[in-house]
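Undergrad: The structure's right below; bear with me while I get my questions together.
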Amino acid sequence: MIRKRMACGLGVLLGAGLAAGPAGALEGDAARGKEAAATCVACHQADGSGRNAPGGESWPRLAGLSAEYLAKQLRDFRQGRRQNATMEPFANMLDDRQVADVAAYYSQLPATEGGGGDVGEPLRARGEQLARRGDWDAYIVSCQSCHGPRNQGASGTFPGIAGQHAAYIRNQLQAWKDGERDNDPQDLMGAIARRMSDEDIRAVAAWLAGQPPADE
Ligand code: HEC
Ligand code: HEC
């Protein structure tokens, strides 16, 4: 079975295991989610825009990310599959119903712009290359081959990363590279991050942060 899947290539591999949500996932209610999100605004802000904090702790933008992706992250924090000392207590406060509700709430907020995208060449050019075309010499697949056209997200599995804060993107890539984040299905992100230099990480994070998070 495993060999057969591998032989079929990336597309089938992704389609097979990842498309379906967890069995029995609850349908969220955005209005209830807004109430449950009362404690979240201290960091993620009332509009879900978060904060870019180079050198500090960046709070990701949640507005406009897919509900399925958001709910998975909250479950992963609760179950210790994704670790972050700041975020974990807030995920632990939510029951299954509230996870679905806050995910529904943030997913329908209009996506806001990312911070940290205003960088010069040649960082910009390298970032764009990695994000849109990849670098076959370094075995790095383009980000958009999974994260969707314009890196604005594809299905519930691949989150939008265009317009996410540069410092947050950088932290996540670094965490994958160092083996500190490993809640991605089938090590898809770990495998890529480990092939990226620190310079590559800075470049792609900055370029993505400057891109529109959603089409007008
Ligand atoms: C004290 C600040 C703080 C509060 C309050 C907070 N968060 Fe977070 N949140 C963070 C930080 C920091 C991260 C990034 C963690 C990391 O780097 O892995 C995060 C990450 C997340 C993520 C993952 C986003 C992604 O793109 O993968 C979700 C979802 C999330 N928070 C939802 C919530 C919800 C819902 C609440 C309220 C119930 C909440 N947060 C309250 C700081 C906070
Ligand atoms: C083979 C598919 C694949 C490719 C190619 C890929 N990603 Fe990902 N990426 C994923 C998956 C799947 C997730 C969600 C992981 C999870 O569920 O926690 C993800 C998540 C992320 C996140 C976390 C977003 C958040 O909100 O926390 C960042 C940042 C990211 N990817 C950046 C990149 C960058 C930059 C590239 C290109 C250099 C890239 N990815 C290429 C599959 C991919």
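Going through the structure tokens in order, the chains are called A, B, and so on, while each chain numbers its residues from 1 and the ligands are numbered from 1 in the order shown.
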For the contact check between chain A and ligand 1, emit one row per residue of chain A within 9 Å, containing the shortest atom pair and the distance in Å rounded to one decimal, counting only C-alpha atoms and all ligand atoms, chain then rising number order, as a Markdown table.

TA:
| residue | atom | partner | partner_atom_place_in_ligand_line | distance |
| --- | --- | --- | --- | --- |
| A:Gly33 | CA | ligand 1 | 35 (C) | 8.6 |
| A:Ala36 | CA | ligand 1 | 38 (C) | 6.5 |
| A:Ala37 | CA | ligand 1 | 37 (C) | 5.1 |
| A:Ala38 | CA | ligand 1 | 37 (C) | 7.0 |
| A:Thr39 | CA | ligand 1 | 37 (C) | 5.1 |
| A:Cys40 | CA | ligand 1 | 37 (C) | 3.4 |
| A:Val41 | CA | ligand 1 | 5 (C) | 6.4 |
| A:Ala42 | CA | ligand 1 | 5 (C) | 5.2 |
| A:Cys43 | CA | ligand 1 | 2 (C) | 4.3 |
| A:His44 | CA | ligand 1 | 7 (N) | 6.1 |
| A:Gly50 | CA | ligand 1 | 10 (C) | 8.5 |
| A:Glu57 | CA | ligand 1 | 12 (C) | 5.7 |
| A:Ser58 | CA | ligand 1 | 12 (C) | 5.7 |
| A:Trp59 | CA | ligand 1 | 11 (C) | 4.7 |
| A:Pro60 | CA | ligand 1 | 26 (O) | 5.6 |
| A:Arg61 | CA | ligand 1 | 26 (O) | 6.7 |
| A:Leu62 | CA | ligand 1 | 24 (C) | 6.1 |
| A:Leu65 | CA | ligand 1 | 26 (O) | 7.5 |
| A:Ala67 | CA | ligand 1 | 29 (C) | 9.0 |
| A:Tyr69 | CA | ligand 1 | 27 (O) | 7.5 |
| A:Leu70 | CA | ligand 1 | 29 (C) | 4.4 |
| A:Ala71 | CA | ligand 1 | 29 (C) | 6.5 |
| A:Lys72 | CA | ligand 1 | 29 (C) | 7.8 |
| A:Gln73 | CA | ligand 1 | 29 (C) | 5.3 |
| A:Leu74 | CA | ligand 1 | 29 (C) | 5.3 |
| A:Arg75 | CA | ligand 1 | 29 (C) | 9.0 |
| A:Phe77 | CA | ligand 1 | 22 (C) | 8.4 |
| A:Arg82 | CA | ligand 1 | 18 (O) | 7.1 |
| A:Gln83 | CA | ligand 1 | 18 (O) | 6.5 |
| A:Asn84 | CA | ligand 1 | 18 (O) | 5.2 |
| A:Ala85 | CA | ligand 1 | 15 (C) | 8.0 |
| A:Thr86 | CA | ligand 1 | 1 (C) | 5.5 |
| A:Met87 | CA | ligand 1 | 10 (C) | 4.5 |
| A:Glu88 | CA | ligand 1 | 8 (Fe) | 7.9 |
| A:Pro89 | CA | ligand 1 | 41 (C) | 8.3 |
| A:Phe90 | CA | ligand 1 | 38 (C) | 4.9 |
| A:Ala91 | CA | ligand 1 | 38 (C) | 5.8 |
| A:Asn92 | CA | ligand 1 | 38 (C) | 8.4 |
| A:Met93 | CA | ligand 1 | 38 (C) | 7.0 |
| A:Leu94 | CA | ligand 1 | 38 (C) | 6.7 |
| A:Gln98 | CA | ligand 1 | 38 (C) | 8.5 |
| A:Val99 | CA | ligand 1 | 35 (C) | 7.1 |
| A:Val102 | CA | ligand 1 | 35 (C) | 5.6 |
| A:Ala103 | CA | ligand 1 | 35 (C) | 6.9 |
| A:Tyr106 | CA | ligand 1 | 35 (C) | 8.1 |
| A:Pro159 | CA | ligand 1 | 26 (O) | 7.4 |
| A:Gly160 | CA | ligand 1 | 26 (O) | 8.5 |
| A:Ile161 | CA | ligand 1 | 26 (O) | 8.4 |
| A:Gln164 | CA | ligand 1 | 26 (O) | 8.2 |
| A:Tyr168 | CA | ligand 1 | 17 (O) | 6.6 |
| A:Ile169 | CA | ligand 1 | 17 (O) | 8.8 |
| A:Asn171 | CA | ligand 1 | 17 (O) | 6.4 |
| A:Gln172 | CA | ligand 1 | 17 (O) | 6.3 |
| A:Ala175 | CA | ligand 1 | 18 (O) | 8.2 |
| A:Arg181 | CA | ligand 1 | 18 (O) | 7.6 |

Undergrad: Around ligand 2, out to 6 Å and counting only C-alpha atoms and all ligand atoms, which residues are there? I want them as a list in words.

TA: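 Those within range of ligand 2 are Leu130, Ala131, Val141, Ser142, Cys143, Ser145, Cys146, Thr157, Phe158, Pro159, Ile161, Ile169, Gln172, Leu173, Asn183, Asp184, Pro185, Leu188, Met189 and Val204 of chain A.
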
Undergrad: Save out the residues we just selected, C-alpha atoms, as a tab-separated table (two decimals), in the first residue's frame.

TA:
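As a result, out_22.tsv now contains:
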chain	number	residue	atom	x	y	z
A	130	LEU	CA	11.16	30.05	-4.06
A	131	ALA	CA	7.49	30.91	-3.66
A	141	VAL	CA	9.44	22.68	-4.64
A	142	SER	CA	7.63	25.99	-5.15
A	143	CYS	CA	5.44	26.98	-2.23
A	145	SER	CA	2.55	23.97	-5.75
A	146	CYS	CA	0.89	23.15	-2.41
A	157	THR	CA	-5.05	21.39	4.28
A	158	PHE	CA	-2.74	24.02	2.81
A	159	PRO	CA	-3.10	27.36	4.60
A	161	ILE	CA	0.68	32.07	3.51
A	169	ILE	CA	6.49	32.70	8.63
A	172	GLN	CA	7.55	28.53	11.59
A	173	LEU	CA	10.07	27.60	8.89
A	183	ASN	CA	2.47	18.58	13.14
A	184	ASP	CA	2.47	18.77	9.34
A	185	PRO	CA	1.08	15.73	7.55
A	188	LEU	CA	5.72	17.86	3.96
A	189	MET	CA	6.94	21.12	5.49
A	204	VAL	CA	10.62	33.78	1.16

Undergrad: Grab the CA of Pro110 (chain A) to CA of Arg150 (chain A) distance for me, in Å with one decimal place.

TA: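 About the pair CA of Pro110 (chain A) and CA of Arg150 (chain A): they are 17.0 Å apart.
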
Undergrad: Find the distance between CA of Glu113 (chain A) and CA of Ile201 (chain A) and write it in Å to one decimal.

TA: 19.5 Å

Undergrad: Would you please give, as number ranges by chain, all residues of region 47-90 of chain A that DSSP assigns to alpha helix (DSSP H) based on the backbone?

TA: A: 67-78, 88-90

Undergrad: Limited to N, CA, C and O atoms, could you put the picked residues into a file as a PDB file, in the first residue's frame?

TA:
ATOM      1  N   ALA A  67     -11.236  27.474   7.903  1.00  0.00           N
ATOM      2  CA  ALA A  67     -11.718  26.976   9.196  1.00  0.00           C
ATOM      3  C   ALA A  67     -11.122  25.609   9.505  1.00  0.00           C
ATOM      4  O   ALA A  67     -10.767  25.315  10.648  1.00  0.00           O
ATOM      5  N   GLU A  68     -10.987  24.804   8.477  1.00  0.00           N
ATOM      6  CA  GLU A  68     -10.465  23.451   8.689  1.00  0.00           C
ATOM      7  C   GLU A  68      -9.018  23.501   9.206  1.00  0.00           C
ATOM      8  O   GLU A  68      -8.644  22.788  10.136  1.00  0.00           O
ATOM      9  N   TYR A  69      -8.214  24.367   8.573  1.00  0.00           N
ATOM     10  CA  TYR A  69      -6.818  24.511   9.006  1.00  0.00           C
ATOM     11  C   TYR A  69      -6.752  25.060  10.436  1.00  0.00           C
ATOM     12  O   TYR A  69      -6.008  24.548  11.271  1.00  0.00           O
ATOM     13  N   LEU A  70      -7.530  26.106  10.722  1.00  0.00           N
ATOM     14  CA  LEU A  70      -7.497  26.718  12.065  1.00  0.00           C
ATOM     15  C   LEU A  70      -7.890  25.691  13.124  1.00  0.00           C
ATOM     16  O   LEU A  70      -7.238  25.576  14.169  1.00  0.00           O
ATOM     17  N   ALA A  71      -8.947  24.935  12.854  1.00  0.00           N
ATOM     18  CA  ALA A  71      -9.411  23.946  13.840  1.00  0.00           C
ATOM     19  C   ALA A  71      -8.347  22.880  14.060  1.00  0.00           C
ATOM     20  O   ALA A  71      -8.111  22.445  15.194  1.00  0.00           O
ATOM     21  N   LYS A  72      -7.686  22.475  12.988  1.00  0.00           N
ATOM     22  CA  LYS A  72      -6.634  21.464  13.153  1.00  0.00           C
ATOM     23  C   LYS A  72      -5.516  21.986  14.059  1.00  0.00           C
ATOM     24  O   LYS A  72      -5.016  21.272  14.932  1.00  0.00           O
ATOM     25  N   GLN A  73      -5.119  23.247  13.854  1.00  0.00           N
ATOM     26  CA  GLN A  73      -4.038  23.792  14.678  1.00  0.00           C
ATOM     27  C   GLN A  73      -4.438  23.835  16.145  1.00  0.00           C
ATOM     28  O   GLN A  73      -3.640  23.514  17.029  1.00  0.00           O
ATOM     29  N   LEU A  74      -5.695  24.240  16.401  1.00  0.00           N
ATOM     30  CA  LEU A  74      -6.144  24.321  17.799  1.00  0.00           C
ATOM     31  C   LEU A  74      -6.177  22.929  18.431  1.00  0.00           C
ATOM     32  O   LEU A  74      -5.754  22.749  19.574  1.00  0.00           O
ATOM     33  N   ARG A  75      -6.623  21.945  17.677  1.00  0.00           N
ATOM     34  CA  ARG A  75      -6.604  20.565  18.215  1.00  0.00           C
ATOM     35  C   ARG A  75      -5.176  20.105  18.443  1.00  0.00           C
ATOM     36  O   ARG A  75      -4.875  19.452  19.443  1.00  0.00           O
ATOM     37  N   ASP A  76      -4.275  20.474  17.501  1.00  0.00           N
ATOM     38  CA  ASP A  76      -2.870  20.062  17.653  1.00  0.00           C
ATOM     39  C   ASP A  76      -2.241  20.686  18.902  1.00  0.00           C
ATOM     40  O   ASP A  76      -1.498  20.019  19.628  1.00  0.00           O
ATOM     41  N   PHE A  77      -2.545  21.973  19.166  1.00  0.00           N
ATOM     42  CA  PHE A  77      -2.035  22.603  20.392  1.00  0.00           C
ATOM     43  C   PHE A  77      -2.582  21.862  21.615  1.00  0.00           C
ATOM     44  O   PHE A  77      -1.850  21.576  22.562  1.00  0.00           O
ATOM     45  N   ARG A  78      -3.887  21.559  21.585  1.00  0.00           N
ATOM     46  CA  ARG A  78      -4.500  20.893  22.749  1.00  0.00           C
ATOM     47  C   ARG A  78      -3.881  19.533  23.000  1.00  0.00           C
ATOM     48  O   ARG A  78      -3.728  19.100  24.125  1.00  0.00           O
ATOM     49  N   GLU A  88      -0.660  27.583  23.911  1.00  0.00           N
ATOM     50  CA  GLU A  88      -1.272  26.346  24.426  1.00  0.00           C
ATOM     51  C   GLU A  88      -2.378  26.564  25.469  1.00  0.00           C
ATOM     52  O   GLU A  88      -3.448  25.968  25.354  1.00  0.00           O
ATOM     53  N   PRO A  89      -2.161  27.428  26.475  1.00  0.00           N
ATOM     54  CA  PRO A  89      -3.214  27.585  27.487  1.00  0.00           C
ATOM     55  C   PRO A  89      -4.535  28.062  26.885  1.00  0.00           C
ATOM     56  O   PRO A  89      -5.610  27.677  27.369  1.00  0.00           O
ATOM     57  N   PHE A  90      -4.450  28.880  25.813  1.00  0.00           N
ATOM     58  CA  PHE A  90      -5.680  29.400  25.216  1.00  0.00           C
ATOM     59  C   PHE A  90      -6.388  28.321  24.403  1.00  0.00           C
ATOM     60  O   PHE A  90      -7.614  28.257  24.385  1.00  0.00           O
TER      61      PHE A  90
END

Undergrad: If you count only C-alpha atoms, which residues fall within 6 Å of Asn52 (chain A), apart from same-chain ones fewer than 2 positions away, as a PDB file with all heavy atoms, in the first residue's frame?

TA:
ATOM      1  N   SER A  58       5.744  36.799  17.350  1.00  0.00           N
ATOM      2  CA  SER A  58       4.768  37.221  16.362  1.00  0.00           C
ATOM      3  C   SER A  58       3.468  36.472  16.545  1.00  0.00           C
ATOM      4  O   SER A  58       3.467  35.286  16.795  1.00  0.00           O
ATOM      5  CB  SER A  58       5.305  36.961  14.952  1.00  0.00           C
ATOM      6  OG  SER A  58       6.003  38.085  14.507  1.00  0.00           O
ATOM      7  N   GLY A 115       2.781  42.072   7.704  1.00  0.00           N
ATOM      8  CA  GLY A 115       3.851  43.018   7.991  1.00  0.00           C
ATOM      9  C   GLY A 115       5.205  42.412   7.658  1.00  0.00           C
ATOM     10  O   GLY A 115       5.365  41.190   7.659  1.00  0.00           O
ATOM     11  N   HIS A 165       2.369  37.389   8.369  1.00  0.00           N
ATOM     12  CA  HIS A 165       3.489  38.223   8.834  1.00  0.00           C
ATOM     13  C   HIS A 165       4.831  37.535   8.601  1.00  0.00           C
ATOM     14  O   HIS A 165       4.987  36.337   8.863  1.00  0.00           O
ATOM     15  CB  HIS A 165       3.319  38.559  10.304  1.00  0.00           C
ATOM     16  CG  HIS A 165       2.064  39.314  10.587  1.00  0.00           C
ATOM     17  ND1 HIS A 165       1.782  40.536  10.005  1.00  0.00           N
ATOM     18  CD2 HIS A 165       0.994  39.018  11.344  1.00  0.00           C
ATOM     19  CE1 HIS A 165       0.599  40.956  10.418  1.00  0.00           C
ATOM     20  NE2 HIS A 165       0.095  40.047  11.231  1.00  0.00           N
ATOM     21  N   ALA A 167       7.705  37.744  10.159  1.00  0.00           N
ATOM     22  CA  ALA A 167       8.391  37.176  11.326  1.00  0.00           C
ATOM     23  C   ALA A 167       7.749  35.848  11.731  1.00  0.00           C
ATOM     24  O   ALA A 167       8.439  34.914  12.153  1.00  0.00           O
ATOM     25  CB  ALA A 167       8.363  38.161  12.492  1.00  0.00           C
TER      26      ALA A 167
END

Undergrad: Taking only C-alpha atoms into account, name the residue in A:Gly134, A:Ala206, A:Asp182, A:Asp47 that is nearest to Gly80 (chain A).

TA: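 Of all the options, A:Asp182 lies closest to Gly80 (chain A).
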
Undergrad: Just list as a PyMOL selection string whatever in region 72-204 of chain A DSSP marks as strand (DSSP E or B).

TA: chain A and resi 135+140+154+158

Undergrad: Write out the residues from the selection above, keeping C-alpha atoms, as a short mmCIF file (atom, residue, chain, number, x, y, z; two decimals), in the first residue's frame.

TA:
data_model
loop_
_atom_site.label_atom_id
_atom_site.label_comp_id
_atom_site.auth_asym_id
_atom_site.auth_seq_id
_atom_site.Cartn_x
_atom_site.Cartn_y
_atom_site.Cartn_z
CA ASP A 135 14.66 25.87 -6.84
CA ILE A 140 12.92 22.92 -3.13
CA ALA A 154 -5.71 25.44 -1.21
CA PHE A 158 -2.74 24.02 2.81
#

Undergrad: Applying 6 Å and only C-alpha atoms, which residues near region 207-212 of chain A remain after dropping the ones on its own chain fewer than 6 positions away? List them as a PyMOL selection string.

TA: chain A and resi 114+117+124+127+162-166

Undergrad: Taking C-alpha atoms for each residue, export the selection above as an mmCIF file, in the first residue's frame.

TA:
data_model
loop_
_atom_site.group_PDB
_atom_site.id
_atom_site.type_symbol
_atom_site.label_atom_id
_atom_site.label_comp_id
_atom_site.auth_asym_id
_atom_site.auth_seq_id
_atom_site.Cartn_x
_atom_site.Cartn_y
_atom_site.Cartn_z
ATOM 1 C CA GLY A 114 1.051 41.042 6.356
ATOM 2 C CA GLY A 117 7.146 42.564 3.384
ATOM 3 C CA ARG A 124 12.786 39.912 -2.852
ATOM 4 C CA GLY A 127 11.840 34.961 -2.182
ATOM 5 C CA ALA A 162 0.566 35.148 1.246
ATOM 6 C CA GLY A 163 0.038 38.196 3.453
ATOM 7 C CA GLN A 164 0.994 36.325 6.646
ATOM 8 C CA HIS A 165 3.489 38.223 8.834
ATOM 9 C CA ALA A 166 7.114 37.778 7.802
#

Undergrad: For CA of Trp176 (chain A) and CA of Met196 (chain A), determine how far apart the two atoms are, in Å to one decimal place.

TA: 10.5 Å
